[in-house]
$ cat entry_31.cif   # mmCIF, C-alpha atoms
data_input
loop_
_atom_site.label_atom_id
_atom_site.label_comp_id
_atom_site.auth_asym_id
_atom_site.auth_seq_id
_atom_site.Cartn_x
_atom_site.Cartn_y
_atom_site.Cartn_z
CA MET A 7 -28.31 -33.30 -167.28
CA PRO A 8 -25.62 -35.88 -166.50
CA LEU A 9 -22.07 -35.07 -165.55
CA HIS A 10 -19.36 -35.30 -168.13
CA LEU A 11 -16.37 -37.20 -166.80
CA LYS A 12 -12.95 -37.03 -168.39
CA VAL A 13 -9.93 -38.86 -167.00
CA ILE A 14 -6.62 -37.76 -168.48
CA THR A 15 -3.24 -39.44 -167.99
CA PRO A 16 0.05 -38.52 -169.68
CA LEU A 17 -0.37 -41.44 -172.08
CA ARG A 18 -4.03 -41.37 -172.98
CA THR A 19 -7.49 -40.08 -172.26
CA ALA A 20 -8.50 -43.05 -170.16
CA VAL A 21 -12.18 -42.22 -169.72
CA GLU A 22 -14.50 -39.86 -171.52
CA SER A 23 -18.06 -40.58 -170.62
CA ASP A 24 -21.33 -39.22 -169.27
CA ALA A 25 -21.98 -40.18 -165.69
CA LEU A 26 -24.97 -39.92 -163.35
CA SER A 27 -22.78 -39.98 -160.27
CA ILE A 28 -19.08 -40.28 -159.52
CA LEU A 29 -17.56 -41.74 -156.38
CA ILE A 30 -13.91 -40.98 -155.78
CA THR A 31 -11.36 -41.46 -153.02
CA ALA A 32 -10.06 -38.08 -151.89
CA ASN A 33 -7.26 -37.78 -149.37
CA ASP A 34 -9.61 -37.64 -146.37
CA GLY A 35 -12.26 -40.09 -147.55
CA GLN A 36 -14.65 -40.73 -150.37
CA ILE A 37 -16.50 -37.93 -152.19
CA GLU A 38 -19.57 -38.42 -154.28
CA ILE A 39 -20.17 -36.02 -157.12
CA LEU A 40 -23.70 -35.60 -158.43
CA PRO A 41 -24.90 -33.35 -161.24
CA GLY A 42 -25.10 -29.73 -160.10
CA HIS A 43 -22.15 -30.12 -157.70
CA THR A 44 -20.48 -26.92 -156.61
CA LYS A 45 -17.19 -25.95 -158.21
CA LEU A 46 -14.47 -28.02 -156.61
CA ILE A 47 -10.77 -28.70 -156.88
CA SER A 48 -9.62 -31.60 -154.78
CA SER A 49 -6.55 -33.72 -154.57
CA VAL A 50 -7.23 -37.41 -155.04
CA GLY A 51 -5.57 -40.24 -153.17
CA ASN A 52 -4.86 -43.82 -154.09
CA GLY A 53 -8.13 -45.67 -154.40
CA GLU A 54 -11.25 -46.37 -156.31
CA LEU A 55 -13.00 -44.24 -158.90
CA SER A 56 -16.44 -45.50 -159.78
CA TYR A 57 -19.24 -43.99 -161.76
CA ARG A 58 -22.70 -44.90 -162.94
CA THR A 59 -23.40 -44.40 -166.63
CA ALA A 60 -26.68 -43.22 -168.12
CA ASP A 61 -27.56 -46.68 -169.40
CA GLY A 62 -27.45 -48.17 -165.91
CA GLY A 63 -23.87 -49.46 -166.11
CA HIS A 64 -21.38 -49.22 -163.28
CA VAL A 65 -17.69 -48.76 -163.96
CA SER A 66 -14.97 -49.12 -161.36
CA LEU A 67 -11.29 -48.24 -161.81
CA PHE A 68 -8.21 -47.87 -159.66
CA VAL A 69 -6.73 -44.36 -159.58
CA GLY A 70 -3.26 -43.66 -158.25
CA GLY A 71 -3.51 -40.11 -156.97
CA GLY A 72 -4.07 -36.89 -158.88
CA PHE A 73 -6.43 -33.94 -159.02
CA LEU A 74 -10.12 -33.62 -159.60
CA GLN A 75 -11.80 -30.50 -160.88
CA VAL A 76 -15.57 -30.16 -161.06
CA GLU A 77 -17.02 -27.17 -162.81
CA ALA A 78 -20.39 -26.72 -164.50
CA ASP A 79 -21.01 -30.49 -164.59
CA GLN A 80 -17.64 -31.12 -166.21
CA ALA A 81 -15.56 -33.44 -164.05
CA LEU A 82 -11.90 -33.51 -165.00
CA LEU A 83 -9.57 -35.95 -163.32
CA VAL A 84 -5.85 -35.56 -163.97
CA THR A 85 -3.85 -38.54 -162.79
CA ASP A 86 -0.75 -40.63 -163.50
CA THR A 87 -2.25 -44.05 -163.06
CA VAL A 88 -5.62 -45.48 -164.08
CA LEU A 89 -6.06 -49.24 -164.08
CA ALA A 90 -9.01 -51.60 -164.34
CA ALA A 91 -9.28 -54.39 -161.76
CA ASP A 92 -8.24 -57.09 -164.23
CA GLU A 93 -5.10 -55.13 -165.17
CA LEU A 94 -3.86 -55.49 -161.60
CA ASP A 95 -1.78 -58.56 -160.96
CA PRO A 96 -1.38 -59.23 -157.21
CA SER A 97 1.75 -61.34 -157.57
CA SER A 98 3.70 -58.68 -159.50
CA ILE A 99 2.45 -55.97 -157.12
CA ASN A 100 3.63 -58.05 -154.17
CA ALA A 101 6.99 -58.51 -155.85
CA ALA A 102 7.29 -54.73 -156.37
CA ILE A 103 6.43 -54.06 -152.72
CA GLU A 104 8.97 -56.65 -151.64
CA LYS A 105 11.66 -55.06 -153.81
CA ALA A 106 10.96 -51.52 -152.61
CA SER A 107 10.85 -52.50 -148.95
CA THR A 108 14.10 -54.44 -149.22
CA ARG A 109 15.73 -51.35 -150.65
CA LEU A 110 14.32 -49.21 -147.86
CA ARG A 111 15.55 -51.64 -145.24
CA ASN A 112 19.03 -52.31 -146.60
CA GLU A 113 20.02 -49.07 -148.28
CA SER A 114 18.40 -46.55 -145.95
CA SER A 115 21.78 -44.94 -145.29
CA VAL A 116 22.58 -44.36 -148.99
CA LEU A 117 19.13 -43.31 -150.16
CA SER A 118 18.42 -39.61 -150.32
CA ARG A 119 15.47 -38.18 -148.44
CA GLU A 120 13.46 -37.73 -151.67
CA GLU A 121 14.25 -41.23 -152.84
CA GLN A 122 12.91 -42.64 -149.59
CA THR A 123 9.73 -40.61 -149.84
CA ARG A 124 9.29 -41.78 -153.40
CA LEU A 125 9.73 -45.44 -152.47
CA GLU A 126 7.33 -45.08 -149.56
CA ALA A 127 4.74 -43.42 -151.79
CA GLY A 128 5.18 -46.26 -154.28
CA ILE A 129 4.57 -48.86 -151.57
CA ALA A 130 1.50 -46.99 -150.34
CA GLN A 131 0.12 -46.97 -153.88
CA GLN A 132 0.78 -50.67 -154.38
CA LEU A 133 -0.84 -51.54 -151.06
CA ALA A 134 -3.88 -49.52 -152.12
CA MET A 135 -3.94 -51.49 -155.39
CA LEU A 136 -3.98 -54.77 -153.45
CA GLU A 137 -6.74 -53.50 -151.19
CA TYR A 138 -8.78 -52.44 -154.20
CA LYS A 139 -8.22 -55.77 -155.95
CA ARG A 140 -9.29 -57.63 -152.80
CA ARG A 141 -12.49 -55.63 -152.51
CA MET A 142 -13.32 -56.17 -156.19
CA HIS A 143 -12.99 -59.91 -155.67
CA LYS A 144 -15.53 -59.90 -152.92
CA HIS A 145 -18.20 -58.27 -155.07
CA MET B 24 39.11 -47.42 -220.11
CA ALA B 25 39.74 -47.15 -216.35
CA ASN B 26 36.88 -44.70 -216.12
CA LEU B 27 34.42 -47.57 -216.45
CA ARG B 28 35.62 -49.28 -213.32
CA ASP B 29 35.58 -45.99 -211.38
CA ILE B 30 31.98 -45.34 -212.27
CA LYS B 31 31.00 -48.86 -211.33
CA ARG B 32 32.66 -48.46 -207.96
CA ARG B 33 30.85 -45.20 -207.34
CA ILE B 34 27.48 -46.70 -208.22
CA LYS B 35 28.10 -49.46 -205.74
CA SER B 36 29.02 -47.11 -202.91
CA VAL B 37 26.06 -44.82 -203.58
CA ARG B 38 23.78 -47.85 -203.57
CA ASN B 39 25.18 -48.95 -200.21
CA THR B 40 24.62 -45.50 -198.77
CA SER B 41 21.06 -45.43 -200.04
CA GLN B 42 20.35 -48.74 -198.35
CA ILE B 43 21.56 -47.31 -195.07
CA THR B 44 19.53 -44.13 -195.39
CA LYS B 45 16.50 -46.16 -196.38
CA ALA B 46 16.84 -48.31 -193.25
CA MET B 47 17.33 -45.20 -191.09
CA GLN B 48 14.25 -43.67 -192.62
CA MET B 49 12.18 -46.68 -191.69
CA VAL B 50 13.54 -46.80 -188.15
CA ALA B 51 12.87 -43.07 -187.74
CA SER B 52 9.33 -43.34 -189.05
CA ALA B 53 8.51 -46.17 -186.64
CA LYS B 54 9.98 -44.18 -183.74
CA MET B 55 8.28 -41.05 -184.95
CA ARG B 56 4.82 -42.58 -184.74
CA ARG B 57 5.37 -43.44 -181.09
CA ALA B 58 7.01 -40.14 -180.20
CA GLN B 59 4.27 -38.20 -181.93
CA GLU B 60 1.56 -40.10 -180.08
CA LEU B 61 3.25 -39.44 -176.75
CA ALA B 62 3.74 -35.76 -177.53
CA LEU B 63 0.13 -35.24 -178.55
CA HIS B 64 -1.32 -37.12 -175.56
CA GLY B 65 1.07 -35.30 -173.29
CA ARG B 66 -0.32 -32.00 -174.55
CA ALA B 67 -3.81 -32.99 -173.42
CA TYR B 68 -2.47 -33.95 -169.99
CA ILE B 69 -0.44 -30.83 -169.43
CA SER B 70 -3.22 -28.53 -170.55
CA ALA B 71 -5.64 -30.30 -168.23
CA LEU B 72 -3.19 -29.71 -165.39
CA ALA B 73 -2.77 -26.09 -166.45
CA ASN B 74 -6.51 -25.71 -166.49
CA VAL B 75 -6.84 -26.94 -162.90
CA LEU B 76 -3.88 -24.88 -161.76
CA GLN B 77 -5.20 -21.76 -163.41
CA HIS B 78 -8.51 -22.06 -161.57
CA LEU B 79 -6.69 -22.83 -158.36
CA ASN B 80 -4.53 -19.76 -158.78
CA ALA B 81 -7.51 -17.53 -159.50
CA THR B 82 -9.22 -18.79 -156.36
CA ILE B 83 -6.26 -18.37 -154.06
CA GLU B 84 -5.05 -14.95 -155.25
CA GLN B 85 -1.64 -14.94 -153.55
CA GLY B 86 1.65 -15.48 -155.28
CA GLY B 87 3.03 -17.30 -152.26
CA ALA B 88 4.19 -20.49 -153.88
CA SER B 89 7.90 -20.43 -154.59
CA LEU B 90 7.65 -21.74 -158.14
CA MET B 91 5.44 -18.81 -159.09
CA GLN B 92 7.49 -16.01 -157.54
CA MET B 93 9.16 -13.38 -159.66
CA ARG B 94 12.72 -12.77 -158.50
CA GLU B 95 15.19 -9.96 -158.91
CA SER B 96 18.40 -11.75 -157.97
CA GLY B 97 19.98 -14.59 -159.89
CA LYS B 98 20.47 -15.09 -163.59
CA PRO B 99 18.52 -16.92 -166.25
CA LEU B 100 19.00 -20.60 -167.04
CA VAL B 101 18.38 -21.75 -170.60
CA VAL B 102 17.52 -25.42 -171.01
CA VAL B 103 18.36 -26.46 -174.55
CA ILE B 104 16.60 -29.56 -175.82
CA SER B 105 18.62 -30.74 -178.81
CA THR B 106 19.27 -34.21 -180.16
CA ASP B 107 21.94 -36.76 -179.23
CA LYS B 108 22.51 -37.86 -182.81
CA GLY B 109 22.85 -35.96 -186.03
CA LEU B 110 21.41 -36.77 -189.45
CA CYS B 111 18.20 -34.92 -188.81
CA GLY B 112 18.46 -32.07 -191.27
CA ALA B 113 18.77 -28.50 -190.06
CA LEU B 114 16.94 -29.19 -186.80
CA ASN B 115 19.77 -28.35 -184.41
CA ALA B 116 21.14 -25.54 -186.56
CA ASN B 117 17.75 -23.82 -186.59
CA LEU B 118 17.43 -24.19 -182.84
CA LEU B 119 20.91 -22.75 -182.35
CA ARG B 120 20.07 -19.72 -184.48
CA GLU B 121 16.95 -19.11 -182.37
CA ILE B 122 18.96 -19.40 -179.17
CA ILE B 123 21.64 -17.00 -180.34
CA SER B 124 19.13 -14.39 -181.38
CA LYS B 125 16.72 -14.66 -178.45
CA ALA B 126 18.36 -16.15 -175.38
CA PRO B 127 20.01 -13.76 -172.89
CA GLN B 128 23.80 -13.51 -173.31
CA ASP B 129 24.76 -13.94 -169.67
CA ALA B 130 22.58 -17.00 -169.09
CA ASP B 131 23.75 -20.37 -167.85
CA PHE B 132 22.97 -23.22 -170.18
CA MET B 133 21.77 -26.75 -169.56
CA CYS B 134 21.88 -29.05 -172.56
CA ILE B 135 19.59 -32.03 -172.86
CA GLY B 136 20.95 -33.86 -175.88
CA SER B 137 24.66 -33.51 -176.56
CA LYS B 138 24.55 -32.07 -180.08
CA LEU B 139 24.38 -28.41 -179.16
CA SER B 140 26.45 -28.69 -176.00
CA SER B 141 29.85 -28.45 -177.65
CA THR B 142 28.67 -25.83 -180.14
CA LEU B 143 27.45 -23.58 -177.35
CA GLN B 144 30.69 -24.06 -175.47
CA ARG B 145 32.67 -23.09 -178.55
CA LEU B 146 30.57 -19.94 -178.81
CA GLY B 147 31.68 -19.06 -175.31
CA ARG B 148 28.37 -19.69 -173.60
CA ASN B 149 28.39 -20.95 -170.07
CA VAL B 150 27.25 -24.57 -170.38
CA ARG B 151 26.82 -25.82 -166.82
CA PHE B 152 25.12 -29.19 -167.36
CA THR B 153 24.81 -31.69 -170.19
CA PHE B 154 22.33 -34.53 -169.96
CA SER B 155 21.28 -37.28 -172.28
CA VAL B 156 17.76 -38.65 -172.34
CA SER B 157 16.97 -41.86 -174.20
CA ASP B 158 13.74 -42.40 -176.10
CA SER B 159 12.15 -44.27 -173.22
CA MET B 160 12.61 -41.22 -170.95
CA SER B 161 12.96 -43.16 -167.72
CA ASP B 162 12.64 -41.50 -164.31
CA VAL B 163 16.27 -42.26 -163.56
CA GLU B 164 17.35 -40.08 -166.48
CA LEU B 165 14.89 -37.28 -165.80
CA LYS B 166 15.32 -36.95 -162.05
CA PRO B 167 18.76 -35.29 -161.99
CA ILE B 168 17.51 -32.82 -164.61
CA TYR B 169 14.47 -31.81 -162.55
CA GLU B 170 16.55 -31.64 -159.42
CA SER B 171 19.20 -29.32 -160.77
CA ILE B 172 16.58 -27.03 -162.31
CA PHE B 173 14.28 -26.81 -159.32
CA ARG B 174 17.05 -26.57 -156.79
CA GLY B 175 18.70 -23.81 -158.79
CA PHE B 176 15.43 -21.93 -158.93
CA LYS B 177 14.50 -22.41 -155.29
CA GLU B 178 17.93 -21.34 -154.09
CA ALA B 179 17.66 -18.26 -156.29
CA THR B 180 20.74 -19.11 -158.35
CA TYR B 181 18.38 -18.70 -161.27
CA ASN B 182 15.59 -16.18 -161.53
CA ARG B 183 14.08 -17.57 -164.71
CA VAL B 184 14.21 -20.90 -166.47
CA ILE B 185 13.71 -20.77 -170.23
CA VAL B 186 13.40 -23.88 -172.36
CA ALA B 187 14.55 -23.83 -175.99
CA TYR B 188 13.09 -26.69 -177.97
CA GLN B 189 11.77 -27.65 -181.37
CA ARG B 190 8.02 -27.39 -181.27
CA PHE B 191 6.36 -30.24 -183.10
CA ILE B 192 3.81 -28.83 -185.56
CA ASN B 193 3.58 -31.74 -187.97
CA VAL B 194 5.85 -34.19 -189.74
CA MET B 195 7.15 -31.57 -192.18
CA VAL B 196 7.22 -28.56 -189.86
CA GLN B 197 9.07 -28.15 -186.58
CA ARG B 198 9.50 -24.71 -185.17
CA PRO B 199 12.28 -23.61 -182.80
CA HIS B 200 10.73 -21.98 -179.78
CA LEU B 201 11.75 -20.50 -176.44
CA ARG B 202 9.34 -20.95 -173.58
CA GLU B 203 9.48 -19.70 -170.02
CA LEU B 204 9.23 -22.69 -167.66
CA LEU B 205 9.74 -20.94 -164.34
CA PRO B 206 8.39 -18.88 -162.72
CA ILE B 207 4.97 -20.19 -163.66
CA THR B 208 2.83 -17.23 -164.62
CA ALA B 209 -0.91 -16.90 -164.97
CA GLU B 210 -0.53 -15.98 -168.66
CA ASP B 211 1.45 -19.13 -169.41
CA LEU B 212 -1.17 -21.23 -167.69
CA ARG B 213 -3.94 -19.62 -169.66
CA GLU B 214 -2.07 -20.17 -172.91
CA ILE B 215 -1.32 -23.82 -172.20
CA ALA B 216 -4.80 -24.55 -170.90
CA ALA B 217 -6.23 -23.12 -174.11
CA MET B 218 -4.28 -25.65 -176.22
CA ASP B 219 -6.78 -28.36 -175.47
CA ASP B 220 -10.50 -28.42 -176.08
CA ILE B 221 -11.39 -28.39 -172.40
CA GLU B 222 -14.11 -25.81 -171.87
CA ASP B 223 -12.84 -22.79 -170.13
CA THR B 224 -15.14 -20.49 -168.28
CA GLN B 225 -12.60 -18.31 -166.46
CA THR B 226 -14.19 -18.59 -163.07
CA ASP B 227 -12.90 -18.67 -159.54
CA ASN B 228 -14.33 -19.40 -156.08
CA PHE B 229 -13.71 -23.09 -156.21
CA LEU B 230 -14.21 -25.22 -153.15
CA LEU B 231 -10.73 -26.49 -152.30
CA GLU B 232 -9.94 -29.87 -150.74
CA PRO B 233 -7.91 -30.38 -148.55
CA THR B 234 -6.39 -26.88 -148.11
CA PRO B 235 -5.29 -24.29 -150.69
CA LYS B 236 -1.68 -24.50 -149.58
CA LYS B 237 -1.47 -28.29 -149.67
CA LEU B 238 -3.11 -28.37 -153.08
CA LEU B 239 -0.77 -25.81 -154.50
CA ASP B 240 2.27 -27.49 -152.95
CA SER B 241 1.46 -30.80 -154.56
CA ILE B 242 0.20 -29.60 -157.93
CA LEU B 243 2.90 -27.02 -158.73
CA PRO B 244 5.93 -29.36 -158.77
CA LEU B 245 3.87 -31.93 -160.66
CA TYR B 246 2.94 -29.32 -163.23
CA ALA B 247 6.45 -27.95 -163.60
CA SER B 248 8.11 -31.35 -164.05
CA ASN B 249 5.44 -32.49 -166.48
CA ALA B 250 5.70 -29.25 -168.42
CA LEU B 251 9.41 -29.93 -168.90
CA SER B 252 8.99 -33.58 -169.85
CA GLN B 253 6.30 -32.51 -172.30
CA LEU B 254 8.80 -30.20 -174.00
CA ILE B 255 11.34 -33.04 -174.13
CA LEU B 256 8.68 -35.21 -175.74
CA GLU B 257 8.01 -32.49 -178.30
CA GLY B 258 11.72 -32.35 -179.01
CA LYS B 259 11.82 -36.12 -179.53
CA ALA B 260 8.84 -36.07 -181.88
CA SER B 261 10.47 -33.25 -183.85
CA GLU B 262 13.79 -35.10 -183.98
CA GLN B 263 12.30 -38.29 -185.36
CA SER B 264 10.16 -36.44 -187.92
CA ALA B 265 13.09 -34.35 -189.08
CA ARG B 266 15.29 -37.43 -189.32
CA MET B 267 12.69 -39.30 -191.30
CA VAL B 268 12.28 -36.44 -193.76
CA ALA B 269 16.04 -35.93 -194.06
CA MET B 270 16.65 -39.64 -194.68
CA LYS B 271 13.83 -39.80 -197.17
CA SER B 272 15.32 -37.01 -199.25
CA ALA B 273 18.78 -38.59 -198.91
CA THR B 274 17.42 -41.86 -200.27
CA GLU B 275 15.80 -40.02 -203.16
CA ASN B 276 19.00 -38.13 -203.91
CA ALA B 277 20.91 -41.39 -203.95
CA LYS B 278 18.39 -42.85 -206.35
CA ASN B 279 18.78 -39.89 -208.71
CA LEU B 280 22.54 -40.11 -208.45
CA ILE B 281 22.51 -43.82 -209.27
CA GLY B 282 20.36 -43.01 -212.34
CA GLU B 283 22.82 -40.41 -213.59
CA LEU B 284 25.83 -42.60 -212.90
CA THR B 285 24.24 -45.55 -214.71
CA LEU B 286 23.72 -43.29 -217.72
CA ASP B 287 27.39 -42.26 -217.63
CA TYR B 288 28.41 -45.87 -217.22
CA ASN B 289 26.40 -46.99 -220.25
CA LYS B 290 27.79 -44.13 -222.34
CA ALA B 291 31.35 -45.00 -221.36
CA ARG B 292 30.75 -48.66 -222.13
CA GLN B 293 29.30 -47.78 -225.53
CA THR B 294 32.33 -45.61 -226.30
CA GLN B 295 34.65 -48.42 -225.33
CA ILE B 296 32.86 -50.89 -227.62
CA THR B 297 32.89 -48.42 -230.52
CA ASN B 298 36.60 -47.85 -230.01
CA GLU B 299 37.33 -51.56 -230.01
CA LEU B 300 35.28 -52.07 -233.18
CA LEU B 301 37.13 -49.21 -234.82
CA GLU B 302 40.45 -50.73 -233.90
CA ILE B 303 39.44 -54.11 -235.31
CA THR B 304 38.14 -52.69 -238.58
CA THR B 305 41.24 -50.52 -239.02
CA ALA B 306 43.43 -53.52 -238.34
CA THR B 307 41.61 -55.70 -240.91
CA ARG B 308 41.71 -52.84 -243.44
CA ALA B 309 45.45 -52.52 -242.94
CA MET B 310 45.98 -56.21 -243.56
CA GLU B 311 44.12 -56.26 -246.91
#

$ encode --input "entry_31.cif" --output "structure tokens"
Amino acid sequence: MPLHLKVITPLRTAVESDALSILITANDGQIEILPGHTKLISSVGNGELSYRTADGGHVSLFVGGGFLQVEADQALLVTDTVLAADELDPSSINAAIEKASTRLRNESSVLSREEQTRLEAGIAQQLAMLEYKRRMHKH
Amino acid sequence: MANLRDIKRRIKSVRNTSQITKAMQMVASAKMRRAQELALHGRAYISALANVLQHLNATIEQGGASLMQMRESGKPLVVVISTDKGLCGALNANLLREIISKAPQDADFMCIGSKLSSTLQRLGRNVRFTFSVSDSMSDVELKPIYESIFRGFKEATYNRVIVAYQRFINVMVQRPHLRELLPITAEDLREIAAMDDIEDTQTDNFLLEPTPKKLLDSILPLYASNALSQLILEGKASEQSARMVAMKSATENAKNLIGELTLDYNKARQTQITNELLEITTATRAME
């Protein structure tokens, strides 16, 4: 029996599909989920989510952090950001990184601690997007 | 007869009003569709989060996390989600009635949407904050709201945070509702998780990655802030629906009124003509 994968964001249900295997980037490295996996709750880092569908297809998406729950072959991924490779535009991502790092450099004395953490997290996510985009190009 | 001109003037002004209400109705219905979509998708997201959190909580079995602790000291904070603009029927009045009957008397109030802020102040309630959130709900607008709530709770100024909002049922029905936001309790989680069709098996003993504490520390604030923004979304969807319905009935009323006034106008005109004819015939008679 295949896994049932559901990816939920605040705006939409991004993915609802059967999957033979799921590969996801957790905080400490990649995890592969196969049918019959033990019950698991894991936080998910910035990186790739890929899964194989029953008809032999292979889908790859970028996920920007969140939580994964696996239970009785139901995989539920709750996340803020899900993007396909062609939705990522390197030039606008670079511009966003540039903007955030300029703010960090020039306004570090005015920014609150939380604001700094938020900007840094944003940069980390955008760098991960670029990395993902680069890898997709190679394939 | 001067009456004729008066009636004509009234018809014109009612027609102008009806054009405005008609336009507002169309704007509200376009906004409503978007707000409704957001609110319904947001429900799926928040119940998925609640589902994960519920399982996490069952596995960990320790009320250590600060957002889940019951407290003795401090007083309640009531977050009131009303609208910024009027013309949306009895939406705010109904919410106010619910707040007066159910919210604790000694509570501090935070108003999101300015409509009820002044009313609550006039009633002698302690309104500490008033915020305004636009339809786009940007992070810049939401951040100070989250911060004052969570800081107040963490520093034990507040022992409970209750949100009063208009629950969106459908376009015709919005129900005023008070919901406990903090502390997060297992019952709340179960209730919210059950809103969506995600299968629930009520199990524990999950494998946790990376560590239970880290997971809980990152998921709890995410859940709490999303739970609040979800309620704001519900409020927005209710506001737009209520406004659309109110404007629709206003347009219809105006139409009826124009009908009645036109009838009066025609009658008055007829009377005037009859009078003039009478005068002419009497005059000719008198000359014969």

$ interface_residues --input "entry_31.cif" --of "chain B" --to "chain A" --cutoff "7 Å" --atoms "all atoms listed in the file" --output "mmCIF file with C-alpha atoms, keeping the file's coordinate frame"
data_model
loop_
_atom_site.group_PDB
_atom_site.id
_atom_site.type_symbol
_atom_site.label_atom_id
_atom_site.label_comp_id
_atom_site.auth_asym_id
_atom_site.auth_seq_id
_atom_site.Cartn_x
_atom_site.Cartn_y
_atom_site.Cartn_z
ATOM 1 C CA LEU B 61 3.250 -39.440 -176.750
ATOM 2 C CA HIS B 64 -1.320 -37.120 -175.560
ATOM 3 C CA GLY B 65 1.070 -35.300 -173.290
ATOM 4 C CA TYR B 68 -2.470 -33.950 -169.990
ATOM 5 C CA ALA B 71 -5.640 -30.300 -168.230
ATOM 6 C CA LEU B 72 -3.190 -29.710 -165.390
ATOM 7 C CA VAL B 75 -6.840 -26.940 -162.900
ATOM 8 C CA PHE B 229 -13.710 -23.090 -156.210
ATOM 9 C CA LEU B 230 -14.210 -25.220 -153.150
ATOM 10 C CA LEU B 231 -10.730 -26.490 -152.300
ATOM 11 C CA GLU B 232 -9.940 -29.870 -150.740
ATOM 12 C CA PRO B 233 -7.910 -30.380 -148.550
ATOM 13 C CA LEU B 238 -3.110 -28.370 -153.080
#

$ atom_distance --input "entry_31.cif" --atom1 "CA of Ala58 (chain B)" --atom2 "CA of Lys259 (chain B)"
6.3 Å

$ atom_distance --input "entry_31.cif" --atom1 "CA of Asp24 (chain A)" --atom2 "CA of Leu67 (chain A)"
15.4 Å

$ resolve_selection --input "entry_31.cif" --expression "the PyMOL selection byres ((chain B and resi 168-170) around 9)" --output "NGL selection string"
:B and (133 or 135 or 152 or 154 or 164-167 or 171-175 or 247-248 or 251)

$ resolve_selection --input "entry_31.cif" --expression "the PyMOL selection byres ((chain B and resi 28) around 12)" --output "ChimeraX atom specification"
/B:24-27,29-35,284,287-289,291-292

$ residues_around --input "entry_31.cif" --residues "Ile99 (chain A)" --least-positions-apart "5" --cutoff "9 Å" --atoms "only C-alpha atoms" --output "mmCIF file with C-alpha atoms, in the frame of the given file"
data_model
loop_
_atom_site.group_PDB
_atom_site.id
_atom_site.type_symbol
_atom_site.label_atom_id
_atom_site.label_comp_id
_atom_site.auth_asym_id
_atom_site.auth_seq_id
_atom_site.Cartn_x
_atom_site.Cartn_y
_atom_site.Cartn_z
ATOM 1 C CA LEU A 94 -3.860 -55.490 -161.600
ATOM 2 C CA GLU A 104 8.970 -56.650 -151.640
ATOM 3 C CA GLN A 132 0.780 -50.670 -154.380
ATOM 4 C CA LEU A 133 -0.840 -51.540 -151.060
ATOM 5 C CA MET A 135 -3.940 -51.490 -155.390
ATOM 6 C CA LEU A 136 -3.980 -54.770 -153.450
#

$ atom_distance --input "entry_31.cif" --atom1 "CA of Gly53 (chain A)" --atom2 "CA of Ala216 (chain B)"
27.0 Å

$ resolve_selection --input "entry_31.cif" --expression "the PyMOL selection byres ((chain B and resi 92-103) around 7)" --output "CSV table (one decimal) with C-alpha atoms, in the coordinates of the input"
chain,number,residue,atom,x,y,z
B,86,GLY,CA,1.6,-15.5,-155.3
B,88,ALA,CA,4.2,-20.5,-153.9
B,89,SER,CA,7.9,-20.4,-154.6
B,90,LEU,CA,7.6,-21.7,-158.1
B,91,MET,CA,5.4,-18.8,-159.1
B,104,ILE,CA,16.6,-29.6,-175.8
B,105,SER,CA,18.6,-30.7,-178.8
B,130,ALA,CA,22.6,-17.0,-169.1
B,131,ASP,CA,23.8,-20.4,-167.8
B,132,PHE,CA,23.0,-23.2,-170.2
B,133,MET,CA,21.8,-26.8,-169.6
B,134,CYS,CA,21.9,-29.0,-172.6
B,135,ILE,CA,19.6,-32.0,-172.9
B,179,ALA,CA,17.7,-18.3,-156.3
B,180,THR,CA,20.7,-19.1,-158.4
B,181,TYR,CA,18.4,-18.7,-161.3
B,182,ASN,CA,15.6,-16.2,-161.5
B,183,ARG,CA,14.1,-17.6,-164.7
B,184,VAL,CA,14.2,-20.9,-166.5
B,185,ILE,CA,13.7,-20.8,-170.2
B,186,VAL,CA,13.4,-23.9,-172.4
B,187,ALA,CA,14.6,-23.8,-176.0
B,188,TYR,CA,13.1,-26.7,-178.0
B,206,PRO,CA,8.4,-18.9,-162.7

$ residues_around --input "entry_31.cif" --residues "Lys45 (chain B)" --least-positions-apart "2" --cutoff "8 Å" --atoms "all atoms listed in the file" --output "number ranges by chain"
B: 41-43, 47-49, 270-271, 274

$ write_last_selection --input "entry_31.cif" --atoms "C-alpha atoms" --output "PDB file, in the frame of the given file"
ATOM      1  CA  SER B  41      21.060 -45.430-200.040  1.00  0.00           C
ATOM      2  CA  GLN B  42      20.350 -48.740-198.350  1.00  0.00           C
ATOM      3  CA  ILE B  43      21.560 -47.310-195.070  1.00  0.00           C
ATOM      4  CA  MET B  47      17.330 -45.200-191.090  1.00  0.00           C
ATOM      5  CA  GLN B  48      14.250 -43.670-192.620  1.00  0.00           C
ATOM      6  CA  MET B  49      12.180 -46.680-191.690  1.00  0.00           C
ATOM      7  CA  MET B 270      16.650 -39.640-194.680  1.00  0.00           C
ATOM      8  CA  LYS B 271      13.830 -39.800-197.170  1.00  0.00           C
ATOM      9  CA  THR B 274      17.420 -41.860-200.270  1.00  0.00           C
TER      10      THR B 274
END

$ closest_residue --input "entry_31.cif" --among "B:Leu201, B:Val150, B:Val156, B:Ala309" --to "Lys108 (chain B)" --atoms "all atoms listed in the file"
B:Val156

$ closest_residue --input "entry_31.cif" --among "A:Asn112, A:Ser56, A:Ser66, A:Ser27" --to "His43 (chain A)" --atoms "all atoms listed in the file"
A:Ser27

$ residues_around --input "entry_31.cif" --residues "Asn52 (chain A)" --least-positions-apart "4" --cutoff "6 Å" --atoms "only C-alpha atoms" --output "PDB file with C-alpha atoms, keeping the file's coordinate frame"
ATOM      1  CA  VAL A  69      -6.730 -44.360-159.580  1.00  0.00           C
ATOM      2  CA  GLY A  70      -3.260 -43.660-158.250  1.00  0.00           C
ATOM      3  CA  GLY A  71      -3.510 -40.110-156.970  1.00  0.00           C
ATOM      4  CA  GLN A 131       0.120 -46.970-153.880  1.00  0.00           C
TER       5      GLN A 131
END
